[in-house]
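Here the structure is laid out as structure tokens; the discussion comes afterwards.
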Amino acid sequence: MWFLAALARMQPATESQAEDVSCLRRIASGDGGAAAGLYDRHSRALYSLILRIVGDEAEAEDVLQEVFAQAFRQASRYDTSRGAVAAWLLMMARSRAIDRLRARRTRFEGRTGEVTLEEMPDAQPSVASVMLNDEQTRSVQRALGELPLMQRIAIELAYYEGLSHSEIAERLEQPLGTVKTRIRLGLLKLRDVLTEGQA
Amino acid sequence: MSTHDELKANAAGYALGSLDAQERQAFESHVAECAECSAEVASLRPIVGALAQAVPQVTPRAELRDRVLRETFGGAGVALPPSPNASADHRSPGGGGQTRPGSGAIRPAAPVWLALAAAIVIAIGAAIYAVRVQRQIGELQARVDQAQAAAAVLAAPDLARIDLQGQSVAPDARARALWSRSRGLVFTAANLPPAPAGKAYQVWVVTAQMPISAGLLVTDPIGVGTQYYSTPPDIAAPVAVAVTLEPAGGVPAPTGEKYLVGMP
């Protein structure tokens with residue numbers, strides 16, 4: 001099917017994946033140099049995502065530290081069949097950053113999120129393991145910028161703020177069905193951007 | 001019972017992880033048996049993954065590297081390799097070679113014409129200065145008015161903060177909007193590229209109904225702009241604030257490229 005062919009073209013740069021996996025092996029055996037290597041390769045991407053979510057530099061630094069602490073702790077248990085190390089790190093970064101955001105929201109508004117991140121499907125790393133290359137990432141970024149504003153806001157609230165459909169509907173004062181449709185249309189459009197150049 | 005189409009409408013939300021718990025369970029049991037929905041989810045996963053990378057890239061502070069590695073890895077005993085760019089940004093404190101002019105030696109008296117010339121230069125300078133000061137006072141008064149309005153916003157009990165992210169045309173741009181329904185909007189942006197001739201940046205308060213123009217944003221040569229805008233007190237709560245590039249003078253509804261977007 002067409003999307004499987006598209007996925008096949010989205011493999012991570014295999015050398016950097018091999019290097020990451022070897023780093024994790026060495027970290028598991030206590031090699032500080034390997035930890036530094038992993039940090040140097042991924043800290044920028046992770047910090048950028050975390051900063052985008054928490055919006056505060058000091059807090060982003062704390063979250064980045066937590067992510068690496070978690071990665072180093074779990075290095076021995078990392079299973080290569082789960083996919084790219086970079087995707088695994090990004091997934092942890094998003095989860096931790098959104099936890100921060102939720103904790104802050106609860107603190108300020110006395111509100112509790114009904115959905116915890118553990119319940120969310122993307123907390124299972126095996127499925128989000130396909131990494132896009134730089135060029136594809138740029139196309140997604142560009143395409144995101146070209147989406148109709150309300151589609152894009154709905155997607156960003158879901159992904160970067162961890163809000164559920166009903167929370168987004170409440171925030172935007174829109175019917176739930178409208179929010180769902182916007183998210184779906186937006187994601188399908190992003191997908192088309194990635195696949196149309198390859199069809 | 002939900003129909004297939006109703007369930008399929010949730011595929012994107014499932015891939016994005018934004019379904020409510022109940023919906024998610026319903027979708028999960030459906031997707032296990034439905035090839036069509038499972039294909040849609042699989043095709044959207046990489047797009048969701050790409051969102052993690054589709055953010056403005058920011059390098060963390062160099063000091064953070066040591067802190068993270070020291071505190072999370074092996075403690076003090078681990079010798080850390082130097083950062084690949086460690087030596088790049090050492091700034092030397094102070095200006096270095098400062099010269100001290102006229103170190104106290106008594107000079108011979110200058111000729112009278114030199115004193116006269118100096119007096120004339122000073123007089124002309126003073127006149128120019130006075131005109132300039134006059135103009136500056138006018139500008140400063142306007143700025144003080146702006147600053148007072150801005151300070152009133154910052155102290156507002158109903159203050160909301162909205163951070164804006166640079167878009168693909170200006171990934172390094174940053175901005176923050178501070179909005180109070182009762183007192184107005186303070187908007188400050190940095191790293192915006194200079195607006196081309198005939199164009200201007202326009203700030204929009206986007207409500208669920210429509211985008212409302214806050215006004216134009218003037219930036220200095222390094223791309224920094226701060227501005228106070230009044231907003232109508234009956235405005236609906238903003239769901240986003242955005243900056244677009246529009247024809248100079250502004251337009252009633254956004255038409256141009258988005259440079260900054262942020263949500264509360």
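Chain identifiers are assigned as A, B, and so on, following the order in which chains appear in the structure tokens; residues are numbered from 1 within each chain, and ligands are numbered from 1 in order of appearance.
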
Set the cut-off to 8 Å and count only C-alpha atoms: what are the residues of chain B that reach chain A? Output as an MDAnalysis selection string. chainID B and resid 9:21 43:60 64:65 68:69 72:74 78:81 83 163 165 167:168 208 239:240 258 263

Those residues with N, CA and C atoms, as a compact mmCIF listing (two decimals), in the first residue's frame please?
# COMPACT_ATOMS: atom_id res chain seq x y z
N ALA B 9 -13.78 8.55 12.36
CA ALA B 9 -13.50 9.96 12.64
C ALA B 9 -12.53 10.10 13.80
N ASN B 10 -12.39 9.05 14.61
CA ASN B 10 -11.50 9.11 15.76
C ASN B 10 -10.08 8.62 15.47
N ALA B 11 -9.85 8.13 14.24
CA ALA B 11 -8.53 7.56 13.94
C ALA B 11 -7.42 8.59 14.13
N ALA B 12 -7.67 9.81 13.65
CA ALA B 12 -6.65 10.85 13.75
C ALA B 12 -6.39 11.19 15.21
N GLY B 13 -7.47 11.32 15.98
CA GLY B 13 -7.32 11.62 17.40
C GLY B 13 -6.58 10.51 18.12
N TYR B 14 -6.80 9.28 17.68
CA TYR B 14 -6.10 8.15 18.30
C TYR B 14 -4.61 8.23 18.01
N ALA B 15 -4.29 8.50 16.76
CA ALA B 15 -2.86 8.61 16.39
C ALA B 15 -2.20 9.76 17.15
N LEU B 16 -2.96 10.82 17.38
CA LEU B 16 -2.42 12.00 18.04
C LEU B 16 -2.43 11.82 19.56
N GLY B 17 -3.16 10.82 20.05
CA GLY B 17 -3.23 10.60 21.50
C GLY B 17 -4.15 11.57 22.19
N SER B 18 -5.18 12.05 21.48
CA SER B 18 -6.02 13.09 22.08
C SER B 18 -7.45 12.63 22.32
N LEU B 19 -7.71 11.32 22.23
CA LEU B 19 -9.07 10.85 22.52
C LEU B 19 -9.29 10.83 24.03
N ASP B 20 -10.53 11.03 24.43
CA ASP B 20 -10.87 10.84 25.83
C ASP B 20 -10.87 9.33 26.09
N ALA B 21 -10.66 8.97 27.37
CA ALA B 21 -10.44 7.55 27.71
C ALA B 21 -11.49 6.61 27.12
N SER B 43 -0.79 5.22 8.95
CA SER B 43 -0.29 6.24 8.02
C SER B 43 -0.11 7.60 8.70
N LEU B 44 -0.82 7.80 9.83
CA LEU B 44 -0.72 9.09 10.51
C LEU B 44 0.35 9.12 11.59
N ARG B 45 0.78 7.94 12.05
CA ARG B 45 1.79 7.90 13.11
C ARG B 45 3.04 8.72 12.80
N PRO B 46 3.62 8.53 11.61
CA PRO B 46 4.85 9.29 11.34
C PRO B 46 4.60 10.79 11.30
N ILE B 47 3.40 11.19 10.93
CA ILE B 47 3.08 12.62 10.90
C ILE B 47 3.08 13.15 12.32
N VAL B 48 2.49 12.36 13.22
CA VAL B 48 2.47 12.77 14.63
C VAL B 48 3.91 12.83 15.15
N GLY B 49 4.72 11.82 14.75
CA GLY B 49 6.13 11.84 15.16
C GLY B 49 6.83 13.09 14.66
N ALA B 50 6.47 13.52 13.45
CA ALA B 50 7.13 14.69 12.86
C ALA B 50 6.82 15.96 13.64
N LEU B 51 5.65 15.99 14.31
CA LEU B 51 5.31 17.19 15.09
C LEU B 51 6.36 17.43 16.17
N ALA B 52 6.96 16.33 16.67
CA ALA B 52 7.99 16.48 17.71
C ALA B 52 9.19 17.23 17.17
N GLN B 53 9.42 17.08 15.86
CA GLN B 53 10.60 17.73 15.26
C GLN B 53 10.24 19.05 14.60
N ALA B 54 8.93 19.28 14.43
CA ALA B 54 8.51 20.49 13.71
C ALA B 54 8.36 21.67 14.66
N VAL B 55 9.37 21.89 15.48
CA VAL B 55 9.34 23.03 16.40
C VAL B 55 10.61 23.85 16.14
N PRO B 56 10.59 25.13 16.48
CA PRO B 56 11.81 25.93 16.29
C PRO B 56 12.96 25.31 17.06
N GLN B 57 14.10 25.13 16.41
CA GLN B 57 15.22 24.46 17.07
C GLN B 57 16.03 25.45 17.89
N VAL B 58 16.20 25.14 19.16
CA VAL B 58 16.89 26.02 20.10
C VAL B 58 18.00 25.23 20.78
N THR B 59 19.20 25.76 20.79
CA THR B 59 20.30 25.07 21.47
C THR B 59 20.26 25.37 22.96
N PRO B 60 20.30 24.33 23.80
CA PRO B 60 20.31 24.60 25.24
C PRO B 60 21.62 25.28 25.67
N LEU B 64 24.41 23.56 30.68
CA LEU B 64 23.46 22.50 31.01
C LEU B 64 24.08 21.12 30.79
N ARG B 65 24.96 21.02 29.81
CA ARG B 65 25.55 19.73 29.47
C ARG B 65 26.26 19.12 30.68
N VAL B 68 23.70 18.15 33.46
CA VAL B 68 22.93 16.93 33.16
C VAL B 68 23.82 15.71 33.34
N LEU B 69 25.02 15.76 32.77
CA LEU B 69 25.87 14.57 32.80
C LEU B 69 26.37 14.29 34.21
N THR B 72 23.13 13.25 36.42
CA THR B 72 22.35 12.08 36.05
C THR B 72 23.22 10.88 35.76
N PHE B 73 24.49 11.10 35.57
CA PHE B 73 25.29 9.97 35.15
C PHE B 73 26.50 9.76 36.03
N GLY B 74 26.44 8.73 36.87
CA GLY B 74 27.64 8.23 37.55
C GLY B 74 28.29 9.13 38.58
N VAL B 78 33.02 10.22 37.13
CA VAL B 78 33.08 10.06 35.68
C VAL B 78 33.81 11.23 35.04
N ALA B 79 34.81 10.91 34.26
CA ALA B 79 35.49 11.98 33.52
C ALA B 79 34.69 12.27 32.26
N LEU B 80 34.25 13.50 32.13
CA LEU B 80 33.42 13.83 30.97
C LEU B 80 34.28 14.36 29.85
N PRO B 81 34.01 13.89 28.65
CA PRO B 81 34.74 14.46 27.52
C PRO B 81 34.30 15.90 27.31
N SER B 83 32.93 19.27 25.71
CA SER B 83 31.88 19.53 24.74
C SER B 83 32.52 19.89 23.41
N ASP B 163 2.41 32.82 24.67
CA ASP B 163 3.73 32.80 24.01
C ASP B 163 3.54 32.43 22.55
N GLN B 165 5.25 31.35 18.78
CA GLN B 165 6.40 30.68 18.19
C GLN B 165 6.62 31.18 16.77
N GLN B 167 7.25 30.93 12.93
CA GLN B 167 6.76 29.95 11.97
C GLN B 167 7.87 29.64 10.96
N SER B 168 7.55 28.80 9.96
CA SER B 168 8.62 28.33 9.08
C SER B 168 9.32 29.47 8.34
N ALA B 208 -12.63 32.57 18.61
CA ALA B 208 -13.23 31.38 17.98
C ALA B 208 -14.04 31.81 16.76
N VAL B 239 -8.39 32.63 21.23
CA VAL B 239 -7.90 31.26 21.19
C VAL B 239 -6.48 31.24 20.64
N ALA B 240 -6.06 32.37 20.06
CA ALA B 240 -4.69 32.46 19.55
C ALA B 240 -4.35 33.92 19.31
N LYS B 258 1.99 33.75 7.84
CA LYS B 258 2.04 33.83 9.30
C LYS B 258 3.50 33.77 9.77
N MET B 263 -0.85 30.20 21.33
CA MET B 263 -2.16 29.98 21.94
C MET B 263 -2.08 30.12 23.44

Separating atom CA of Ala160 of chain B from atom CA of Gln151 of chain A, to the nearest tenth of an Å, is a gap of 22.8 Å

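Here atom CA of Arg161 of chain B stands at a distance of 16.2 Å from atom CA of Ala190 of chain B.
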
Computed interatomic separation between atom CA of Thr226 of chain B and atom CA of Leu178 of chain B (Å): 11.2 Å

Go through A:Val54, A:Leu24, A:Glu170, A:Val193 one by one, measure the shortest atom-to-atom distance of each to Leu147 of chain A using only C-alpha atoms, and give the residue with the smallest value. A:Val193

Using DSSP secondary structure from the backbone, list all helix (DSSP H, G or I) positions within segment 2-222 of chain B, as a PyMOL selection string. chain B and resi 4-8+11-16+21-31+35-53+62-72+75-77+112-154

Can you pull out the residues contacting segment 29-37 of chain B? Cut-off 8 Å, using only C-alpha atoms, and skip same-chain residues under 3 positions away; I want them as a list in words. Leu7, Lys8, Ala11, Gln25, Ala26, Glu40 and Val41 of chain B

Save out the residues we just selected, N, CA and C atoms, as a tab-separated table (two decimals), in the first residue's frame.
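Result file is part-v5.tsv:
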chain	number	residue	atom	x	y	z
B	7	LEU	N	-16.60	5.94	14.15
B	7	LEU	CA	-15.36	5.43	14.74
B	7	LEU	C	-14.15	5.90	13.94
B	8	LYS	N	-14.30	5.89	12.63
B	8	LYS	CA	-13.17	6.28	11.79
B	8	LYS	C	-12.79	7.75	12.01
B	11	ALA	N	-9.85	8.13	14.24
B	11	ALA	CA	-8.53	7.56	13.94
B	11	ALA	C	-7.42	8.59	14.13
B	25	GLN	N	-10.94	3.60	24.26
B	25	GLN	CA	-11.21	2.18	24.43
B	25	GLN	C	-12.09	1.66	23.31
B	26	ALA	N	-13.12	2.44	22.97
B	26	ALA	CA	-14.03	2.01	21.90
B	26	ALA	C	-13.26	1.89	20.59
B	40	GLU	N	-5.32	3.74	8.48
B	40	GLU	CA	-5.29	5.19	8.63
B	40	GLU	C	-4.42	5.59	9.83
B	41	VAL	N	-4.56	4.86	10.92
B	41	VAL	CA	-3.74	5.15	12.10
B	41	VAL	C	-2.25	5.00	11.75
